[in-house]
Amino acid sequence: VLGATGRTGSSVVKELIKRDSFDKVIAVGNSRTPSFEDQRVTSLQCPLADLPSKSNFWEGVSALFICIGTQRKKSGLQGQIKLELDDTLAVAQSAKQAGVTRCAIVTTAGANANGMFTYVQTKGKVEEGLKGQGFDTLVIARPGFILGGDRGPSPDSFGVKVLRMFGLSS
């Protein structure tokens with residue numbers, strides 16, 4: 001699960017832990033190490049740009065969950081585009097080449113590579129890029145605004161929805 005320290009990514013990890021669908025969950029945080037108290041979870045802090053070069057990282061991995069997002073005020077416009085588009089597609093390509101067959105990503109409502117705003121363009125471009133990778137299963141979740149942090153409750157139910165779309169939840 002990429003983005004496992006974020007609100008949505010941590011929700012996805014928690015939902016995966018509740019199920020027996022996977023023997024192991026790798027929780028990756030871009031800027032800090034995720035923390036989960038379950039022996040099936042391996043936590044890793046690794047800048048997304050460095051992940052494709054990690055030898056043997058994808059060994060035994062069958063599914064990739066991408067819950068990547070950053071705030072423009074934190075990383076700047078170019079940093080946001082690099083993380084959410086360039087780095088994300090590079091990681092997905094590395095996963096696909098290593099034999100990962102299933103991918104799920106959380107983008108945004110209105111994602112459109114030709115959209116009027118950079119954010120929806122970036123999310124639309126990453127969706128198009130993933131479609132071209134040839135995953136056997138590709139799930140694209142396009143939620144509206146996700147409340148989190150000081151703005152509201154954790155989107156734990158959204159993690160359930162992502163897994164349901166992936167066929168892993170009833």
# chains A, B, ... in the order shown; residues from 1 in each chain; ligands from 1
call {"tool": "select_by_dssp", "arguments": {"residues": "range 35-99 of chain A", "states": "strand (DSSP E or B)", "output": "PDB file with N, CA and C atoms, in the first residue's frame"}}
result
ATOM      1  N   VAL A  41       2.097  -7.036   8.743  1.00  0.00           N
ATOM      2  CA  VAL A  41       2.424  -5.759   8.106  1.00  0.00           C
ATOM      3  C   VAL A  41       3.917  -5.482   8.221  1.00  0.00           C
ATOM      4  N   THR A  42       4.521  -5.234   7.079  1.00  0.00           N
ATOM      5  CA  THR A  42       5.905  -4.783   7.018  1.00  0.00           C
ATOM      6  C   THR A  42       5.847  -3.309   6.651  1.00  0.00           C
ATOM      7  N   SER A  43       6.399  -2.459   7.514  1.00  0.00           N
ATOM      8  CA  SER A  43       6.365  -1.016   7.276  1.00  0.00           C
ATOM      9  C   SER A  43       7.697  -0.544   6.723  1.00  0.00           C
ATOM     10  N   LEU A  44       7.616   0.380   5.798  1.00  0.00           N
ATOM     11  CA  LEU A  44       8.811   0.880   5.123  1.00  0.00           C
ATOM     12  C   LEU A  44       8.658   2.361   4.833  1.00  0.00           C
ATOM     13  N   GLN A  45       9.670   3.133   5.190  1.00  0.00           N
ATOM     14  CA  GLN A  45       9.723   4.534   4.779  1.00  0.00           C
ATOM     15  C   GLN A  45      10.682   4.600   3.616  1.00  0.00           C
ATOM     16  N   ALA A  63      -0.626  -7.503  -5.539  1.00  0.00           N
ATOM     17  CA  ALA A  63      -1.527  -6.359  -5.728  1.00  0.00           C
ATOM     18  C   ALA A  63      -0.859  -5.082  -5.233  1.00  0.00           C
ATOM     19  N   LEU A  64      -1.136  -4.014  -5.929  1.00  0.00           N
ATOM     20  CA  LEU A  64      -0.596  -2.701  -5.600  1.00  0.00           C
ATOM     21  C   LEU A  64      -1.765  -1.766  -5.317  1.00  0.00           C
ATOM     22  N   PHE A  65      -1.760  -1.153  -4.145  1.00  0.00           N
ATOM     23  CA  PHE A  65      -2.759  -0.153  -3.784  1.00  0.00           C
ATOM     24  C   PHE A  65      -2.055   1.192  -3.723  1.00  0.00           C
ATOM     25  N   ILE A  66      -2.510   2.145  -4.534  1.00  0.00           N
ATOM     26  CA  ILE A  66      -1.874   3.455  -4.609  1.00  0.00           C
ATOM     27  C   ILE A  66      -2.805   4.491  -3.985  1.00  0.00           C
TER      28      ILE A  66
END
call {"tool": "residues_around", "arguments": {"residues": "range 88-100 of chain A", "least_positions_apart": "4", "cutoff": "10 Å", "atoms": "only C-alpha atoms", "output": "mmCIF file with N, CA and C atoms, in the first residue's frame"}}
result
data_model
loop_
_atom_site.group_PDB
_atom_site.id
_atom_site.type_symbol
_atom_site.label_atom_id
_atom_site.label_comp_id
_atom_site.auth_asym_id
_atom_site.auth_seq_id
_atom_site.Cartn_x
_atom_site.Cartn_y
_atom_site.Cartn_z
ATOM 1 N N LEU A 2 0.892 1.952 -1.106
ATOM 2 C CA LEU A 2 1.673 3.187 -1.189
ATOM 3 C C LEU A 2 0.842 4.320 -0.598
ATOM 4 N N LEU A 48 9.078 7.642 -2.750
ATOM 5 C CA LEU A 48 8.465 6.906 -3.854
ATOM 6 C C LEU A 48 9.408 6.796 -5.052
ATOM 7 N N ALA A 49 10.158 7.853 -5.302
ATOM 8 C CA ALA A 49 11.080 7.854 -6.443
ATOM 9 C C ALA A 49 12.147 6.774 -6.318
ATOM 10 N N ASP A 50 12.460 6.346 -5.088
ATOM 11 C CA ASP A 50 13.499 5.335 -4.872
ATOM 12 C C ASP A 50 12.971 3.906 -4.907
ATOM 13 N N LEU A 51 11.672 3.739 -4.814
ATOM 14 C CA LEU A 51 11.089 2.407 -4.704
ATOM 15 C C LEU A 51 11.364 1.497 -5.906
ATOM 16 N N PRO A 52 11.296 1.992 -7.146
ATOM 17 C CA PRO A 52 11.562 1.085 -8.272
ATOM 18 C C PRO A 52 12.943 0.450 -8.241
ATOM 19 N N SER A 53 13.908 1.093 -7.595
ATOM 20 C CA SER A 53 15.267 0.554 -7.584
ATOM 21 C C SER A 53 15.510 -0.422 -6.426
ATOM 22 N N LYS A 54 14.540 -0.599 -5.544
ATOM 23 C CA LYS A 54 14.706 -1.521 -4.415
ATOM 24 C C LYS A 54 14.715 -2.957 -4.940
ATOM 25 N N ASN A 56 14.350 -6.792 -5.207
ATOM 26 C CA ASN A 56 13.464 -7.802 -4.627
ATOM 27 C C ASN A 56 12.249 -7.240 -3.893
ATOM 28 N N PHE A 57 11.984 -5.946 -4.003
ATOM 29 C CA PHE A 57 10.847 -5.371 -3.281
ATOM 30 C C PHE A 57 9.530 -6.029 -3.674
ATOM 31 N N TRP A 58 9.361 -6.296 -4.956
ATOM 32 C CA TRP A 58 8.085 -6.802 -5.464
ATOM 33 C C TRP A 58 7.936 -8.314 -5.361
ATOM 34 N N GLU A 59 8.952 -8.992 -4.834
ATOM 35 C CA GLU A 59 8.897 -10.450 -4.722
ATOM 36 C C GLU A 59 7.708 -10.875 -3.859
ATOM 37 N N GLY A 60 6.825 -11.684 -4.437
ATOM 38 C CA GLY A 60 5.651 -12.168 -3.724
ATOM 39 C C GLY A 60 4.482 -11.202 -3.660
ATOM 40 N N VAL A 61 4.631 -10.032 -4.258
ATOM 41 C CA VAL A 61 3.556 -9.034 -4.243
ATOM 42 C C VAL A 61 2.613 -9.306 -5.411
ATOM 43 N N SER A 62 1.320 -9.383 -5.123
ATOM 44 C CA SER A 62 0.335 -9.649 -6.178
ATOM 45 C C SER A 62 -0.560 -8.462 -6.474
ATOM 46 N N ALA A 63 -0.626 -7.503 -5.539
ATOM 47 C CA ALA A 63 -1.527 -6.359 -5.728
ATOM 48 C C ALA A 63 -0.859 -5.082 -5.233
ATOM 49 N N LEU A 64 -1.136 -4.014 -5.929
ATOM 50 C CA LEU A 64 -0.596 -2.701 -5.600
ATOM 51 C C LEU A 64 -1.765 -1.766 -5.317
ATOM 52 N N PHE A 65 -1.760 -1.153 -4.145
ATOM 53 C CA PHE A 65 -2.759 -0.153 -3.784
ATOM 54 C C PHE A 65 -2.055 1.192 -3.723
ATOM 55 N N ILE A 66 -2.510 2.145 -4.534
ATOM 56 C CA ILE A 66 -1.874 3.455 -4.609
ATOM 57 C C ILE A 66 -2.805 4.491 -3.985
ATOM 58 N N CYS A 67 -2.383 5.024 -2.865
ATOM 59 C CA CYS A 67 -3.161 6.037 -2.139
ATOM 60 C C CYS A 67 -2.258 7.252 -1.911
ATOM 61 N N ILE A 68 -1.650 7.704 -2.979
ATOM 62 C CA ILE A 68 -0.650 8.765 -2.911
ATOM 63 C C ILE A 68 -1.314 10.135 -3.040
ATOM 64 N N ILE A 81 3.301 17.282 -8.680
ATOM 65 C CA ILE A 81 3.199 16.593 -9.972
ATOM 66 C C ILE A 81 4.195 15.435 -10.036
ATOM 67 N N LYS A 82 5.419 15.666 -9.555
ATOM 68 C CA LYS A 82 6.434 14.604 -9.578
ATOM 69 C C LYS A 82 5.969 13.402 -8.761
ATOM 70 N N LEU A 83 5.496 13.651 -7.548
ATOM 71 C CA LEU A 83 5.066 12.552 -6.680
ATOM 72 C C LEU A 83 3.824 11.862 -7.214
ATOM 73 N N GLU A 84 2.787 12.624 -7.521
ATOM 74 C CA GLU A 84 1.489 12.055 -7.851
ATOM 75 C C GLU A 84 1.384 11.541 -9.285
ATOM 76 N N ILE A 105 -6.036 2.348 -7.482
ATOM 77 C CA ILE A 105 -5.562 3.698 -7.195
ATOM 78 C C ILE A 105 -6.731 4.581 -6.790
ATOM 79 N N LYS A 125 -3.947 12.146 -15.877
ATOM 80 C CA LYS A 125 -2.766 11.613 -16.564
ATOM 81 C C LYS A 125 -2.257 10.339 -15.896
ATOM 82 N N VAL A 126 -2.302 10.289 -14.570
ATOM 83 C CA VAL A 126 -1.852 9.060 -13.905
ATOM 84 C C VAL A 126 -2.817 7.917 -14.218
ATOM 85 N N GLU A 127 -4.124 8.194 -14.289
ATOM 86 C CA GLU A 127 -5.087 7.154 -14.673
ATOM 87 C C GLU A 127 -4.789 6.634 -16.077
ATOM 88 N N GLU A 128 -4.553 7.535 -17.020
ATOM 89 C CA GLU A 128 -4.241 7.125 -18.397
ATOM 90 C C GLU A 128 -2.964 6.300 -18.442
ATOM 91 N N GLY A 129 -1.956 6.731 -17.692
ATOM 92 C CA GLY A 129 -0.696 6.004 -17.653
ATOM 93 C C GLY A 129 -0.864 4.599 -17.101
ATOM 94 N N LEU A 130 -1.673 4.463 -16.061
ATOM 95 C CA LEU A 130 -1.910 3.140 -15.481
ATOM 96 C C LEU A 130 -2.692 2.246 -16.433
ATOM 97 N N GLY A 132 -2.402 2.120 -19.515
ATOM 98 C CA GLY A 132 -1.455 1.636 -20.513
ATOM 99 C C GLY A 132 -0.450 0.621 -19.992
ATOM 100 N N GLN A 133 -0.453 0.352 -18.708
ATOM 101 C CA GLN A 133 0.534 -0.562 -18.115
ATOM 102 C C GLN A 133 0.171 -2.032 -18.306
ATOM 103 N N GLY A 134 -1.094 -2.332 -18.539
ATOM 104 C CA GLY A 134 -1.490 -3.708 -18.807
ATOM 105 C C GLY A 134 -1.741 -4.578 -17.588
ATOM 106 N N PHE A 135 -2.141 -3.989 -16.467
ATOM 107 C CA PHE A 135 -2.508 -4.797 -15.308
ATOM 108 C C PHE A 135 -3.723 -5.649 -15.656
ATOM 109 N N ASP A 136 -3.791 -6.874 -15.157
ATOM 110 C CA ASP A 136 -4.960 -7.726 -15.371
ATOM 111 C C ASP A 136 -6.204 -7.083 -14.769
ATOM 112 N N THR A 137 -6.041 -6.487 -13.598
ATOM 113 C CA THR A 137 -7.119 -5.773 -12.929
ATOM 114 C C THR A 137 -6.622 -4.385 -12.561
#
call {"tool": "residues_around", "arguments": {"residues": "Arg142 in chain A", "least_positions_apart": "2", "cutoff": "10 Å", "atoms": "only C-alpha atoms", "output": "compact mmCIF listing (two decimals) with N, CA and C atoms, in the first residue's frame"}}
result
# COMPACT_ATOMS: atom_id res chain seq x y z
N ILE A 105 -6.04 2.35 -7.48
CA ILE A 105 -5.56 3.70 -7.19
C ILE A 105 -6.73 4.58 -6.79
N VAL A 106 -6.45 5.49 -5.88
CA VAL A 106 -7.41 6.51 -5.48
C VAL A 106 -6.97 7.80 -6.15
N THR A 107 -7.84 8.35 -7.01
CA THR A 107 -7.53 9.63 -7.66
C THR A 107 -8.52 10.68 -7.15
N THR A 108 -9.33 11.24 -8.01
CA THR A 108 -10.29 12.25 -7.58
C THR A 108 -11.46 12.32 -8.54
N ALA A 109 -12.59 12.75 -8.02
CA ALA A 109 -13.75 12.99 -8.89
C ALA A 109 -13.35 14.03 -9.94
N GLY A 110 -13.72 13.81 -11.16
CA GLY A 110 -13.42 14.77 -12.22
C GLY A 110 -12.03 14.66 -12.81
N ALA A 111 -11.28 13.60 -12.44
CA ALA A 111 -9.93 13.43 -13.00
C ALA A 111 -10.03 13.43 -14.52
N LYS A 123 -4.17 13.89 -11.96
CA LYS A 123 -4.85 12.64 -11.63
C LYS A 123 -5.36 11.94 -12.90
N VAL A 139 -8.31 -0.97 -10.78
CA VAL A 139 -9.45 -0.32 -10.14
C VAL A 139 -9.09 1.14 -9.92
N ILE A 140 -9.93 2.03 -10.41
CA ILE A 140 -9.72 3.47 -10.22
C ILE A 140 -10.88 3.99 -9.38
N GLY A 144 -15.04 12.03 -4.14
CA GLY A 144 -15.10 13.48 -4.03
C GLY A 144 -14.15 13.88 -2.91
N PHE A 145 -14.41 14.97 -2.30
CA PHE A 145 -13.58 15.48 -1.22
C PHE A 145 -13.55 14.48 -0.07
N VAL A 162 -12.84 0.89 -1.23
CA VAL A 162 -11.76 0.56 -2.16
C VAL A 162 -11.60 -0.95 -2.26
call {"tool": "residues_around", "arguments": {"residues": "Phe22 in chain A", "least_positions_apart": "3", "cutoff": "10 Å", "atoms": "only C-alpha atoms", "output": "PyMOL selection string"}}
result
chain A and resi 16-19+25+40+61-63+168
call {"tool": "atom_distance", "arguments": {"atom1": "CA of Lys14 in chain A", "atom2": "CA of Pro34 in chain A"}}
result
11.6 Å
call {"tool": "select_by_dssp", "arguments": {"residues": "chain A", "states": "alpha helix (DSSP H)", "output": "PyMOL selection string"}}
result
chain A and resi 7-18+72-81+88-97+118-131+156-165
call {"tool": "closest_residue", "arguments": {"among": "A:Cys103, A:Cys46, A:Asp87, A:Leu138", "to": "Thr122 in chain A", "atoms": "only C-alpha atoms"}}
result
A:Asp87
call {"tool": "decode", "arguments": {"residues": "range 85-114 of chain A", "atoms": "N, CA and C atoms", "output": "short mmCIF file (atom, residue, chain, number, x, y, z; two decimals), in the first residue's frame"}}
result
data_model
loop_
_atom_site.label_atom_id
_atom_site.label_comp_id
_atom_site.auth_asym_id
_atom_site.auth_seq_id
_atom_site.Cartn_x
_atom_site.Cartn_y
_atom_site.Cartn_z
N LEU A 85 2.30 11.94 -10.16
CA LEU A 85 2.27 11.46 -11.55
C LEU A 85 3.53 10.67 -11.88
N ASP A 86 4.65 11.35 -11.95
CA ASP A 86 5.89 10.72 -12.42
C ASP A 86 6.33 9.55 -11.54
N ASP A 87 6.45 9.80 -10.24
CA ASP A 87 6.92 8.75 -9.33
C ASP A 87 5.90 7.61 -9.25
N THR A 88 4.61 7.96 -9.23
CA THR A 88 3.57 6.93 -9.14
C THR A 88 3.61 6.02 -10.36
N LEU A 89 3.74 6.59 -11.55
CA LEU A 89 3.79 5.76 -12.76
C LEU A 89 5.07 4.92 -12.81
N ALA A 90 6.17 5.46 -12.34
CA ALA A 90 7.43 4.70 -12.32
C ALA A 90 7.31 3.49 -11.39
N VAL A 91 6.69 3.69 -10.23
CA VAL A 91 6.51 2.58 -9.29
C VAL A 91 5.57 1.54 -9.88
N ALA A 92 4.49 1.98 -10.49
CA ALA A 92 3.53 1.04 -11.09
C ALA A 92 4.21 0.23 -12.20
N GLN A 93 5.02 0.88 -13.01
CA GLN A 93 5.72 0.18 -14.08
C GLN A 93 6.68 -0.86 -13.50
N SER A 94 7.39 -0.50 -12.46
CA SER A 94 8.30 -1.42 -11.80
C SER A 94 7.53 -2.62 -11.25
N ALA A 95 6.38 -2.37 -10.64
CA ALA A 95 5.55 -3.45 -10.09
C ALA A 95 5.06 -4.37 -11.20
N LYS A 96 4.58 -3.78 -12.27
CA LYS A 96 4.06 -4.57 -13.39
C LYS A 96 5.16 -5.44 -14.00
N GLN A 97 6.32 -4.86 -14.20
CA GLN A 97 7.44 -5.62 -14.77
C GLN A 97 7.88 -6.77 -13.87
N ALA A 98 7.64 -6.61 -12.56
CA ALA A 98 8.02 -7.66 -11.61
C ALA A 98 6.93 -8.72 -11.44
N GLY A 99 5.80 -8.55 -12.15
CA GLY A 99 4.77 -9.57 -12.10
C GLY A 99 3.53 -9.24 -11.30
N VAL A 100 3.44 -8.04 -10.75
CA VAL A 100 2.23 -7.63 -10.04
C VAL A 100 1.11 -7.53 -11.07
N THR A 101 -0.02 -8.16 -10.79
CA THR A 101 -1.10 -8.24 -11.79
C THR A 101 -2.30 -7.36 -11.49
N ARG A 102 -2.41 -6.90 -10.24
CA ARG A 102 -3.58 -6.11 -9.85
C ARG A 102 -3.15 -4.78 -9.26
N CYS A 103 -3.89 -3.74 -9.61
CA CYS A 103 -3.57 -2.40 -9.14
C CYS A 103 -4.86 -1.65 -8.84
N ALA A 104 -4.87 -0.94 -7.73
CA ALA A 104 -5.98 -0.06 -7.38
C ALA A 104 -5.39 1.29 -7.02
N ILE A 105 -6.04 2.35 -7.48
CA ILE A 105 -5.56 3.70 -7.19
C ILE A 105 -6.73 4.58 -6.79
N VAL A 106 -6.45 5.49 -5.88
CA VAL A 106 -7.41 6.51 -5.48
C VAL A 106 -6.97 7.80 -6.15
N THR A 107 -7.84 8.35 -7.01
CA THR A 107 -7.53 9.63 -7.66
C THR A 107 -8.52 10.68 -7.15
N THR A 108 -9.33 11.24 -8.01
CA THR A 108 -10.29 12.25 -7.58
C THR A 108 -11.46 12.32 -8.54
N ALA A 109 -12.59 12.75 -8.02
CA ALA A 109 -13.75 12.99 -8.89
C ALA A 109 -13.35 14.03 -9.94
N GLY A 110 -13.72 13.81 -11.16
CA GLY A 110 -13.42 14.77 -12.22
C GLY A 110 -12.03 14.66 -12.81
N ALA A 111 -11.28 13.60 -12.44
CA ALA A 111 -9.93 13.43 -13.00
C ALA A 111 -10.03 13.43 -14.52
N ASN A 112 -9.18 14.24 -15.15
CA ASN A 112 -9.25 14.40 -16.60
C ASN A 112 -7.92 14.98 -17.07
N ALA A 113 -7.21 14.23 -17.90
CA ALA A 113 -5.90 14.68 -18.38
C ALA A 113 -5.98 16.00 -19.12
N ASN A 114 -7.15 16.35 -19.63
CA ASN A 114 -7.34 17.62 -20.34
C ASN A 114 -8.14 18.61 -19.53
#
